[in-house]
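Enquirer: As input, take structure_25.cif (mmCIF, C-alpha atoms):
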```
data_input
loop_
_atom_site.group_PDB
_atom_site.id
_atom_site.type_symbol
_atom_site.label_atom_id
_atom_site.label_comp_id
_atom_site.auth_asym_id
_atom_site.auth_seq_id
_atom_site.Cartn_x
_atom_site.Cartn_y
_atom_site.Cartn_z
ATOM 1 C CA ALA A 45 -31.977 -14.834 0.604
ATOM 2 C CA ALA A 46 -35.679 -14.638 -0.167
ATOM 3 C CA GLY A 47 -36.749 -13.831 3.390
ATOM 4 C CA ASP A 48 -38.495 -17.159 4.051
ATOM 5 C CA GLY A 49 -35.718 -18.750 6.108
ATOM 6 C CA GLU A 50 -31.962 -18.928 6.589
ATOM 7 C CA VAL A 51 -29.894 -19.681 3.479
ATOM 8 C CA ILE A 52 -26.786 -21.644 4.481
ATOM 9 C CA PHE A 53 -23.687 -22.373 2.421
ATOM 10 C CA ASP A 54 -21.636 -24.894 4.413
ATOM 11 C CA GLY A 55 -18.184 -25.433 2.957
ATOM 12 C CA ASP A 56 -17.786 -28.837 4.653
ATOM 13 C CA GLY A 57 -14.152 -27.988 5.420
ATOM 14 C CA SER A 58 -13.352 -26.731 1.929
ATOM 15 C CA TYR A 59 -10.398 -24.435 1.215
ATOM 16 C CA ARG A 60 -12.343 -21.958 -0.989
ATOM 17 C CA LEU A 61 -16.097 -21.718 -1.087
ATOM 18 C CA PHE A 62 -16.734 -18.910 -3.612
ATOM 19 C CA ASP A 63 -13.947 -18.256 -6.128
ATOM 20 C CA VAL A 64 -15.009 -15.053 -7.900
ATOM 21 C CA MET A 65 -11.580 -14.026 -9.186
ATOM 22 C CA ALA A 66 -12.831 -13.918 -12.795
ATOM 23 C CA ALA A 67 -16.469 -13.034 -12.053
ATOM 24 C CA ASP A 68 -17.384 -9.337 -12.217
ATOM 25 C CA TYR A 69 -20.367 -7.644 -10.556
ATOM 26 C CA HIS A 70 -21.594 -10.531 -8.449
ATOM 27 C CA TYR A 71 -23.887 -9.768 -5.506
ATOM 28 C CA PHE A 72 -24.203 -11.865 -2.335
ATOM 29 C CA GLU A 73 -26.750 -10.782 0.277
ATOM 30 C CA GLY A 74 -28.430 -12.275 3.333
ATOM 31 C CA LEU A 75 -26.500 -15.555 3.363
ATOM 32 C CA THR A 76 -24.993 -17.649 6.154
ATOM 33 C CA ILE A 77 -21.560 -18.951 5.184
ATOM 34 C CA ARG A 78 -19.573 -21.306 7.376
ATOM 35 C CA ASN A 79 -17.023 -24.094 7.666
ATOM 36 C CA THR A 80 -14.516 -22.986 5.023
ATOM 37 C CA ASP A 81 -11.003 -21.544 4.992
ATOM 38 C CA VAL A 82 -11.794 -18.798 2.434
ATOM 39 C CA ALA A 83 -15.352 -17.613 1.982
ATOM 40 C CA PHE A 84 -14.777 -15.235 -0.988
ATOM 41 C CA TYR A 85 -11.576 -15.432 -3.028
ATOM 42 C CA ALA A 86 -11.558 -12.465 -5.392
ATOM 43 C CA GLY A 87 -8.073 -11.937 -6.830
ATOM 44 C CA LEU A 88 -4.491 -13.194 -7.067
ATOM 45 C CA LYS A 89 -1.404 -11.014 -7.402
ATOM 46 C CA ARG A 90 -0.093 -10.742 -10.984
ATOM 47 C CA VAL A 91 -2.929 -12.944 -12.260
ATOM 48 C CA MET A 92 -6.336 -11.227 -12.138
ATOM 49 C CA GLY A 93 -8.919 -9.677 -9.877
ATOM 50 C CA CYS A 94 -12.614 -9.050 -10.237
ATOM 51 C CA SER A 95 -14.660 -5.846 -10.251
ATOM 52 C CA GLY A 96 -17.862 -4.894 -8.501
ATOM 53 C CA LEU A 97 -18.028 -7.632 -5.868
ATOM 54 C CA THR A 98 -20.780 -6.935 -3.316
ATOM 55 C CA VAL A 99 -21.066 -8.922 -0.074
ATOM 56 C CA LYS A 100 -23.816 -7.509 2.123
ATOM 57 C CA ASN A 101 -25.797 -8.557 5.199
ATOM 58 C CA CYS A 102 -24.128 -11.959 5.383
ATOM 59 C CA LYS A 103 -23.126 -13.941 8.444
ATOM 60 C CA MET A 104 -19.791 -15.761 8.181
ATOM 61 C CA GLU A 105 -18.748 -18.109 10.961
ATOM 62 C CA ASP A 106 -16.109 -20.803 11.393
ATOM 63 C CA ILE A 107 -14.050 -19.267 8.576
ATOM 64 C CA GLY A 108 -10.346 -18.668 8.068
ATOM 65 C CA ILE A 109 -10.744 -15.632 5.752
ATOM 66 C CA GLY A 110 -13.882 -13.706 4.845
ATOM 67 C CA VAL A 111 -13.161 -11.699 1.679
ATOM 68 C CA VAL A 112 -9.758 -11.399 0.018
ATOM 69 C CA THR A 113 -8.149 -10.047 -3.132
ATOM 70 C CA TYR A 114 -4.417 -9.625 -3.716
ATOM 71 C CA SER A 115 -4.770 -8.208 -7.223
ATOM 72 C CA ALA A 116 -4.088 -4.640 -8.354
ATOM 73 C CA ASP A 117 -6.777 -5.175 -10.998
ATOM 74 C CA SER A 118 -9.533 -5.520 -8.388
ATOM 75 C CA LYS A 119 -11.883 -2.566 -8.057
ATOM 76 C CA ASP A 120 -15.218 -1.333 -6.749
ATOM 77 C CA PHE A 121 -15.870 -3.850 -3.957
ATOM 78 C CA TYR A 122 -18.674 -3.122 -1.482
ATOM 79 C CA ILE A 123 -18.386 -5.178 1.715
ATOM 80 C CA ALA A 124 -20.977 -3.965 4.212
ATOM 81 C CA ASP A 125 -23.238 -4.904 7.136
ATOM 82 C CA ASN A 126 -21.756 -8.366 7.592
ATOM 83 C CA VAL A 127 -21.030 -10.344 10.755
ATOM 84 C CA MET A 128 -17.715 -12.214 10.538
ATOM 85 C CA ILE A 129 -16.707 -14.597 13.321
ATOM 86 C CA GLY A 130 -13.314 -16.275 13.253
ATOM 87 C CA ARG A 131 -12.014 -19.423 14.907
ATOM 88 C CA HIS A 132 -9.795 -17.896 17.577
ATOM 89 C CA ASP A 133 -10.586 -18.541 21.224
ATOM 90 C CA PRO A 134 -13.221 -15.940 22.152
ATOM 91 C CA ASP A 135 -12.246 -15.932 25.833
ATOM 92 C CA THR A 136 -8.549 -15.034 25.501
ATOM 93 C CA LEU A 137 -6.393 -12.307 23.955
ATOM 94 C CA VAL A 138 -3.155 -13.892 22.746
ATOM 95 C CA GLY A 139 -0.546 -12.689 20.244
ATOM 96 C CA TRP A 140 1.233 -14.686 17.597
ATOM 97 C CA TYR A 141 4.951 -14.295 18.357
ATOM 98 C CA GLY A 142 7.263 -14.035 21.346
ATOM 99 C CA LEU A 143 5.061 -16.247 23.497
ATOM 100 C CA GLU A 144 5.464 -19.788 24.759
ATOM 101 C CA LYS A 145 2.038 -20.642 23.351
ATOM 102 C CA PRO A 146 1.256 -18.110 20.588
ATOM 103 C CA SER A 147 -2.158 -17.775 19.064
ATOM 104 C CA PRO A 148 -2.709 -20.355 16.303
ATOM 105 C CA LEU A 149 -3.396 -18.888 12.872
ATOM 106 C CA THR A 150 -6.739 -20.620 12.454
ATOM 107 C CA SER A 151 -8.412 -17.422 11.190
ATOM 108 C CA TYR A 152 -6.064 -15.054 9.340
ATOM 109 C CA TYR A 153 -8.083 -11.923 8.518
ATOM 110 C CA ALA A 154 -11.711 -11.053 7.971
ATOM 111 C CA ILE A 155 -11.217 -8.744 4.959
ATOM 112 C CA LYS A 156 -8.139 -7.971 2.852
ATOM 113 C CA VAL A 157 -8.277 -5.919 -0.343
ATOM 114 C CA TYR A 158 -5.993 -4.414 -2.957
ATOM 115 C CA GLY A 159 -6.740 -2.328 -6.022
ATOM 116 C CA GLN A 160 -9.046 0.682 -6.309
ATOM 117 C CA SER A 161 -12.293 2.145 -5.007
ATOM 118 C CA HIS A 162 -13.255 -0.417 -2.384
ATOM 119 C CA VAL A 163 -15.686 0.345 0.446
ATOM 120 C CA VAL A 164 -15.707 -1.734 3.642
ATOM 121 C CA CYS A 165 -18.197 -0.468 6.208
ATOM 122 C CA HIS A 166 -20.599 -1.354 9.030
ATOM 123 C CA ASN A 167 -19.180 -4.833 9.573
ATOM 124 C CA SER A 168 -18.918 -6.642 12.909
ATOM 125 C CA ILE A 169 -15.668 -8.624 13.068
ATOM 126 C CA SER A 170 -14.319 -10.769 15.885
ATOM 127 C CA PHE A 171 -11.764 -13.500 16.708
ATOM 128 C CA PHE A 172 -9.290 -13.228 13.813
ATOM 129 C CA HIS A 173 -5.557 -12.547 13.505
ATOM 130 C CA ASP A 174 -6.264 -9.230 11.695
ATOM 131 C CA GLY A 175 -9.508 -7.395 11.154
ATOM 132 C CA ILE A 176 -9.540 -5.295 7.944
ATOM 133 C CA CYS A 177 -6.446 -4.833 5.784
ATOM 134 C CA VAL A 178 -5.003 -3.476 2.608
ATOM 135 C CA ASP A 179 -2.845 -6.231 1.170
ATOM 136 C CA THR A 180 0.787 -5.898 2.251
ATOM 137 C CA HIS A 181 1.724 -6.122 -1.378
ATOM 138 C CA GLY A 182 5.300 -4.903 -1.488
ATOM 139 C CA LEU A 183 6.188 -2.135 -3.944
ATOM 140 C CA PRO A 184 3.421 -1.147 -6.383
ATOM 141 C CA GLU A 185 3.688 -3.198 -9.557
ATOM 142 C CA VAL A 186 5.067 -1.513 -12.682
ATOM 143 C CA GLY A 187 2.394 -1.160 -15.317
ATOM 144 C CA LYS A 188 -0.439 -2.036 -12.942
ATOM 145 C CA PRO A 189 -3.051 0.291 -11.407
ATOM 146 C CA LEU A 190 -2.046 1.694 -8.036
ATOM 147 C CA CYS A 191 -3.724 0.763 -4.769
ATOM 148 C CA VAL A 192 -5.829 3.899 -4.222
ATOM 149 C CA SER A 193 -9.176 5.275 -3.011
ATOM 150 C CA ILE A 194 -10.147 2.729 -0.376
ATOM 151 C CA ASP A 195 -12.538 3.439 2.522
ATOM 152 C CA PHE A 196 -12.782 1.470 5.788
ATOM 153 C CA TYR A 197 -15.382 3.074 8.042
ATOM 154 C CA ARG A 198 -17.774 2.445 10.938
ATOM 155 C CA ASN A 199 -16.694 -1.137 11.530
ATOM 156 C CA ASP A 200 -16.706 -2.810 14.955
ATOM 157 C CA ILE A 201 -13.671 -5.039 15.517
ATOM 158 C CA PHE A 202 -13.146 -7.204 18.599
ATOM 159 C CA ASN A 203 -10.345 -9.475 19.844
ATOM 160 C CA MET A 204 -7.592 -9.614 17.227
ATOM 161 C CA ALA A 205 -4.325 -11.497 17.720
ATOM 162 C CA ASP A 206 -2.464 -8.842 15.696
ATOM 163 C CA ASP A 207 -4.102 -5.609 14.450
ATOM 164 C CA PHE A 208 -7.537 -4.037 14.081
ATOM 165 C CA ILE A 209 -6.920 -2.283 10.746
ATOM 166 C CA GLU A 210 -3.916 -2.227 8.394
ATOM 167 C CA ALA A 211 -3.279 0.215 5.560
ATOM 168 C CA ASP A 212 -0.033 -1.639 4.787
ATOM 169 C CA GLY A 213 0.828 -1.569 1.099
ATOM 170 C CA GLY A 214 -1.584 1.224 0.167
ATOM 171 C CA VAL A 215 -0.544 4.167 -1.987
ATOM 172 C CA HIS A 216 -2.934 7.154 -2.202
ATOM 173 C CA ASN A 217 -6.215 8.189 -0.576
ATOM 174 C CA ILE A 218 -6.701 5.387 1.912
ATOM 175 C CA ARG A 219 -9.390 6.565 4.362
ATOM 176 C CA ILE A 220 -9.921 4.804 7.704
ATOM 177 C CA PHE A 221 -12.474 6.572 9.851
ATOM 178 C CA GLU A 222 -15.037 6.158 12.633
ATOM 179 C CA ASN A 223 -14.110 2.549 13.388
ATOM 180 C CA ARG A 224 -14.164 1.006 16.871
ATOM 181 C CA GLY A 225 -11.619 -1.554 18.000
ATOM 182 C CA PHE A 226 -11.591 -3.351 21.346
ATOM 183 C CA ASN A 227 -8.845 -5.783 22.393
ATOM 184 C CA ALA A 228 -6.003 -6.432 19.947
ATOM 185 C CA TYR A 229 -2.770 -7.969 21.121
ATOM 186 C CA HIS A 230 -0.163 -6.219 18.976
ATOM 187 C CA ALA A 231 -1.427 -3.005 17.341
ATOM 188 C CA ALA A 232 -4.530 -0.949 16.706
ATOM 189 C CA LEU A 233 -3.845 0.925 13.446
ATOM 190 C CA SER A 234 -1.023 0.075 11.056
ATOM 191 C CA ALA A 235 0.714 1.791 8.139
ATOM 192 C CA GLN A 236 3.607 -0.548 7.452
ATOM 193 C CA PRO A 237 4.326 1.034 5.015
ATOM 194 C CA VAL A 238 2.239 3.441 2.945
ATOM 195 C CA PHE A 239 3.787 4.565 -0.345
ATOM 196 C CA GLY A 240 3.370 8.331 -0.393
ATOM 197 C CA GLY A 241 -0.117 8.634 1.014
ATOM 198 C CA PRO A 242 -2.196 10.310 1.982
ATOM 199 C CA VAL A 243 -3.636 7.775 4.379
ATOM 200 C CA TYR A 244 -6.210 9.166 6.807
ATOM 201 C CA PHE A 245 -6.962 7.786 10.278
ATOM 202 C CA ILE A 246 -9.861 9.914 11.529
ATOM 203 C CA ARG A 247 -12.244 9.603 14.506
ATOM 204 C CA ASN A 248 -11.363 6.017 15.368
ATOM 205 C CA VAL A 249 -11.773 4.720 18.921
ATOM 206 C CA CYS A 250 -9.320 2.001 20.001
ATOM 207 C CA TYR A 251 -9.209 0.390 23.429
ATOM 208 C CA ASN A 252 -6.897 -2.116 25.136
ATOM 209 C CA VAL A 253 -3.908 -3.062 23.012
ATOM 210 C CA PRO A 254 -0.943 -4.358 25.070
ATOM 211 C CA GLY A 255 1.449 -3.757 22.147
ATOM 212 C CA THR A 256 1.171 -0.401 20.373
ATOM 213 C CA ALA A 257 -1.616 1.884 19.249
ATOM 214 C CA LEU A 258 0.040 3.037 16.026
ATOM 215 C CA LYS A 259 2.292 0.770 13.989
ATOM 216 C CA TYR A 260 3.686 3.369 11.598
ATOM 217 C CA THR A 261 6.851 1.493 10.649
ATOM 218 C CA VAL A 262 8.955 0.539 7.604
ATOM 219 C CA ARG A 263 9.106 4.288 6.813
ATOM 220 C CA PRO A 264 5.571 5.089 5.639
ATOM 221 C CA ALA A 265 4.889 8.575 4.291
ATOM 222 C CA GLY A 266 1.874 10.853 4.134
ATOM 223 C CA ILE A 267 -0.113 9.973 7.276
ATOM 224 C CA PHE A 268 -2.907 12.097 8.755
ATOM 225 C CA THR A 269 -4.000 11.036 12.238
ATOM 226 C CA TYR A 270 -6.891 13.255 13.367
ATOM 227 C CA HIS A 271 -9.516 13.165 16.159
ATOM 228 C CA ASN A 272 -8.787 9.617 17.380
ATOM 229 C CA THR A 273 -9.007 8.200 20.901
ATOM 230 C CA PHE A 274 -6.431 5.615 22.000
ATOM 231 C CA VAL A 275 -6.637 3.924 25.412
ATOM 232 C CA MET A 276 -3.573 1.649 25.428
ATOM 233 C CA ASP A 277 0.197 1.653 24.989
ATOM 234 C CA VAL A 278 1.237 4.059 22.241
ATOM 235 C CA ALA A 279 4.377 4.054 20.111
ATOM 236 C CA ILE A 280 4.933 5.334 16.589
ATOM 237 C CA THR A 281 8.211 4.980 14.723
ATOM 238 C CA ASN A 282 9.993 5.761 11.487
ATOM 239 C CA PHE A 283 7.541 7.814 9.435
ATOM 240 C CA SER A 284 7.729 10.800 7.079
ATOM 241 C CA ASN A 285 5.269 13.631 6.493
ATOM 242 C CA GLY A 286 3.025 12.648 9.415
ATOM 243 C CA HIS A 287 0.477 15.005 10.957
ATOM 244 C CA PHE A 288 -1.355 14.517 14.260
ATOM 245 C CA ARG A 289 -4.239 16.712 15.398
ATOM 246 C CA ASN A 290 -6.764 16.581 18.221
ATOM 247 C CA ASN A 291 -6.012 13.006 19.281
ATOM 248 C CA LEU A 292 -6.387 11.700 22.828
ATOM 249 C CA PHE A 293 -3.610 9.333 23.963
ATOM 250 C CA ILE A 294 -4.292 7.584 27.276
ATOM 251 C CA GLY A 295 -1.371 5.393 28.285
ATOM 252 C CA PRO A 296 -1.312 2.576 30.845
ATOM 253 C CA GLU A 297 0.738 4.322 33.551
ATOM 254 C CA SER A 298 2.281 7.651 34.493
ATOM 255 C CA LYS A 299 5.910 6.439 34.346
ATOM 256 C CA ARG A 300 5.901 5.649 30.626
ATOM 257 C CA PRO A 301 5.323 7.918 27.626
ATOM 258 C CA SER A 302 1.955 7.677 25.939
ATOM 259 C CA LEU A 303 3.457 8.709 22.592
ATOM 260 C CA THR A 304 6.891 8.204 21.064
ATOM 261 C CA GLY A 305 8.097 8.499 17.499
ATOM 262 C CA THR A 306 10.783 9.264 14.947
ATOM 263 C CA THR A 307 10.081 11.403 11.886
ATOM 264 C CA PHE A 308 12.382 11.758 8.894
ATOM 265 C CA THR A 309 10.855 15.045 7.728
ATOM 266 C CA ARG A 310 11.059 18.402 9.485
ATOM 267 C CA TYR A 311 7.571 19.304 8.323
ATOM 268 C CA SER A 312 5.832 16.515 10.290
ATOM 269 C CA THR A 313 3.564 18.104 12.894
ATOM 270 C CA LEU A 314 1.846 17.284 16.187
ATOM 271 C CA ASP A 315 -0.558 19.804 17.674
ATOM 272 C CA TYR A 316 -3.738 20.048 19.769
ATOM 273 C CA ASN A 317 -3.362 16.492 21.073
ATOM 274 C CA GLY A 318 -4.053 15.330 24.630
ATOM 275 C CA TYR A 319 -1.808 13.012 26.615
#
```
Would you encode the structure as structure tokens?

Expert:
Amino acid sequence: AAGDGEVIFDGDGSYRLFDVMAADYHYFEGLTIRNTDVAFYAGLKRVMGCSGLTVKNCKMEDIGIGVVTYSADSKDFYIADNVMIGRHDPDTLVGWYGLEKPSPLTSYYAIKVYGQSHVVCHNSISFFHDGICVDTHGLPEVGKPLCVSIDFYRNDIFNMADDFIEADGGVHNIRIFENRGFNAYHAALSAQPVFGGPVYFIRNVCYNVPGTALKYTVRPAGIFTYHNTFVMDVAITNFSNGHFRNNLFIGPESKRPSLTGTTFTRYSTLDYNGY
């Protein structure tokens, strides 16, 4: 954008608007992007992924997915200062299973990445199924780079049908800190699973999730949960090598636990938390 007026890319109902899977070091700034299922498609599993994608100060509305790569070859993305508005009903909070009328999957996730050295920060995200995710990739691919060194920080996320932030499928050094999430139906923070870790959840504030605050399931390992505030139901299950410090867990009522969990390692620790 040159600063002399709004620059609009209208997908006219297209499936993909920008396919940058084979385009390295492209820079998108100050654009309005709307009316497309996938705004930025940046990588496919076992095919290829790009490097150095920057999406900054853009407004994305009426989209199904904002930015996505499924490729272990993707690296060095910078996704920052964007406003992403999905297609879900802004006036309701509805989940996607176990309901007579579940939430339709009209907007899947705002941002999903895989690979190395991505930064996702200072984005405003609302009305999607999921907010910001590591790709739930399955086991790391043999002979491919691992999914490592990814930062999600200082994002505002509002009204998700599933989760605010997912580290699912990550391997080492996944850092999720100082994010704010308000209103998600199923879970706030997810590690389902993480392959060895460490994954860090630090100084996040999460409010109003009818399901569970922490979805640490499918036996993730290497989780550090420090200095967070959770105002919602809380349940954590089936993790190894998990450590919890200085968190505040505020449950919905006095007759139910505000924290439950199963650990498979004797060296998991919980200390200096408030309930």

Enquirer: Within 6 Å of segment 149-166 of chain A, counting all atoms listed in the file, which residues qualify if same-chain residues fewer than 5 places away don't, as JSON, numbers by chain?

Expert: {"A": [108, 109, 110, 111, 112, 113, 114, 115, 116, 117, 118, 119, 120, 121, 122, 123, 124, 125, 130, 131, 172, 173, 174, 175, 176, 177, 178, 179, 191, 192, 193, 194, 195, 196, 197, 198, 199]}

Enquirer: Given the PyMOL selection byres ((chain A and resi 204) around 12) and the file above, list the residues it selects as number ranges by chain.

Expert: A: 129-140, 147-149, 151-154, 169-176, 200-203, 205-209, 225-233, 251-255

Enquirer: With C-alpha atoms retained, export the selected residues as a short mmCIF file (atom, residue, chain, number, x, y, z; two decimals), in the frame of the given file.

Expert:
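So selection37.cif came out as:
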```
data_model
loop_
_atom_site.label_atom_id
_atom_site.label_comp_id
_atom_site.auth_asym_id
_atom_site.auth_seq_id
_atom_site.Cartn_x
_atom_site.Cartn_y
_atom_site.Cartn_z
CA ILE A 129 -16.71 -14.60 13.32
CA GLY A 130 -13.31 -16.27 13.25
CA ARG A 131 -12.01 -19.42 14.91
CA HIS A 132 -9.80 -17.90 17.58
CA ASP A 133 -10.59 -18.54 21.22
CA PRO A 134 -13.22 -15.94 22.15
CA ASP A 135 -12.25 -15.93 25.83
CA THR A 136 -8.55 -15.03 25.50
CA LEU A 137 -6.39 -12.31 23.96
CA VAL A 138 -3.16 -13.89 22.75
CA GLY A 139 -0.55 -12.69 20.24
CA TRP A 140 1.23 -14.69 17.60
CA SER A 147 -2.16 -17.77 19.06
CA PRO A 148 -2.71 -20.36 16.30
CA LEU A 149 -3.40 -18.89 12.87
CA SER A 151 -8.41 -17.42 11.19
CA TYR A 152 -6.06 -15.05 9.34
CA TYR A 153 -8.08 -11.92 8.52
CA ALA A 154 -11.71 -11.05 7.97
CA ILE A 169 -15.67 -8.62 13.07
CA SER A 170 -14.32 -10.77 15.88
CA PHE A 171 -11.76 -13.50 16.71
CA PHE A 172 -9.29 -13.23 13.81
CA HIS A 173 -5.56 -12.55 13.50
CA ASP A 174 -6.26 -9.23 11.70
CA GLY A 175 -9.51 -7.40 11.15
CA ILE A 176 -9.54 -5.30 7.94
CA ASP A 200 -16.71 -2.81 14.96
CA ILE A 201 -13.67 -5.04 15.52
CA PHE A 202 -13.15 -7.20 18.60
CA ASN A 203 -10.34 -9.48 19.84
CA ALA A 205 -4.32 -11.50 17.72
CA ASP A 206 -2.46 -8.84 15.70
CA ASP A 207 -4.10 -5.61 14.45
CA PHE A 208 -7.54 -4.04 14.08
CA ILE A 209 -6.92 -2.28 10.75
CA GLY A 225 -11.62 -1.55 18.00
CA PHE A 226 -11.59 -3.35 21.35
CA ASN A 227 -8.85 -5.78 22.39
CA ALA A 228 -6.00 -6.43 19.95
CA TYR A 229 -2.77 -7.97 21.12
CA HIS A 230 -0.16 -6.22 18.98
CA ALA A 231 -1.43 -3.00 17.34
CA ALA A 232 -4.53 -0.95 16.71
CA LEU A 233 -3.84 0.92 13.45
CA TYR A 251 -9.21 0.39 23.43
CA ASN A 252 -6.90 -2.12 25.14
CA VAL A 253 -3.91 -3.06 23.01
CA PRO A 254 -0.94 -4.36 25.07
CA GLY A 255 1.45 -3.76 22.15
#
```

Enquirer: Given the file shown, determine the residues that the PyMOL selection byres ((chain A and resi 47-53) around 12) selects; report them as a count of residues only.

Expert: 28

Enquirer: To one decimal in Å, tell me the separation between atom CA of Gly318 of chain A and atom CA of Ser302 of chain A.

Expert: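 Rounded to one decimal, the two atoms are 9.8 Å apart.
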
Enquirer: In Å to one decimal, how far is atom CA of Gly142 of chain A from atom CA of Asp81 of chain A?

Expert: 25.6 Å

Enquirer: May I have the residues within 9 Å of His287 of chain A as an mmCIF file with C-alpha atoms, in the frame of the given file, using only C-alpha atoms and disregarding those fewer than 5 positions away in the same chain?

Expert:
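The resulting file, result_2.cif, is reproduced below:
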```cif
data_model
loop_
_atom_site.group_PDB
_atom_site.id
_atom_site.type_symbol
_atom_site.label_atom_id
_atom_site.label_comp_id
_atom_site.auth_asym_id
_atom_site.auth_seq_id
_atom_site.Cartn_x
_atom_site.Cartn_y
_atom_site.Cartn_z
ATOM 1 C CA GLY A 266 1.874 10.853 4.134
ATOM 2 C CA ILE A 267 -0.113 9.973 7.276
ATOM 3 C CA PHE A 268 -2.907 12.097 8.755
ATOM 4 C CA THR A 269 -4.000 11.036 12.238
ATOM 5 C CA TYR A 270 -6.891 13.255 13.367
ATOM 6 C CA TYR A 311 7.571 19.304 8.323
ATOM 7 C CA SER A 312 5.832 16.515 10.290
ATOM 8 C CA THR A 313 3.564 18.104 12.894
ATOM 9 C CA LEU A 314 1.846 17.284 16.187
ATOM 10 C CA ASP A 315 -0.558 19.804 17.674
#
```

Enquirer: Could you give me, as a list of chain:residue names, the residues within 9 Å of Asp212 of chain A, counting all atoms listed in the file and dropping anything in the same chain fewer than 5 positions from it?

Expert: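 Close residues of Asp212 of chain A: A:Cys177, A:Val178, A:Asp179, A:Thr180, A:His181, A:Gly182, A:Ser234, A:Ala235, A:Gln236, A:Pro237, A:Val238, A:Phe239, A:Pro264.
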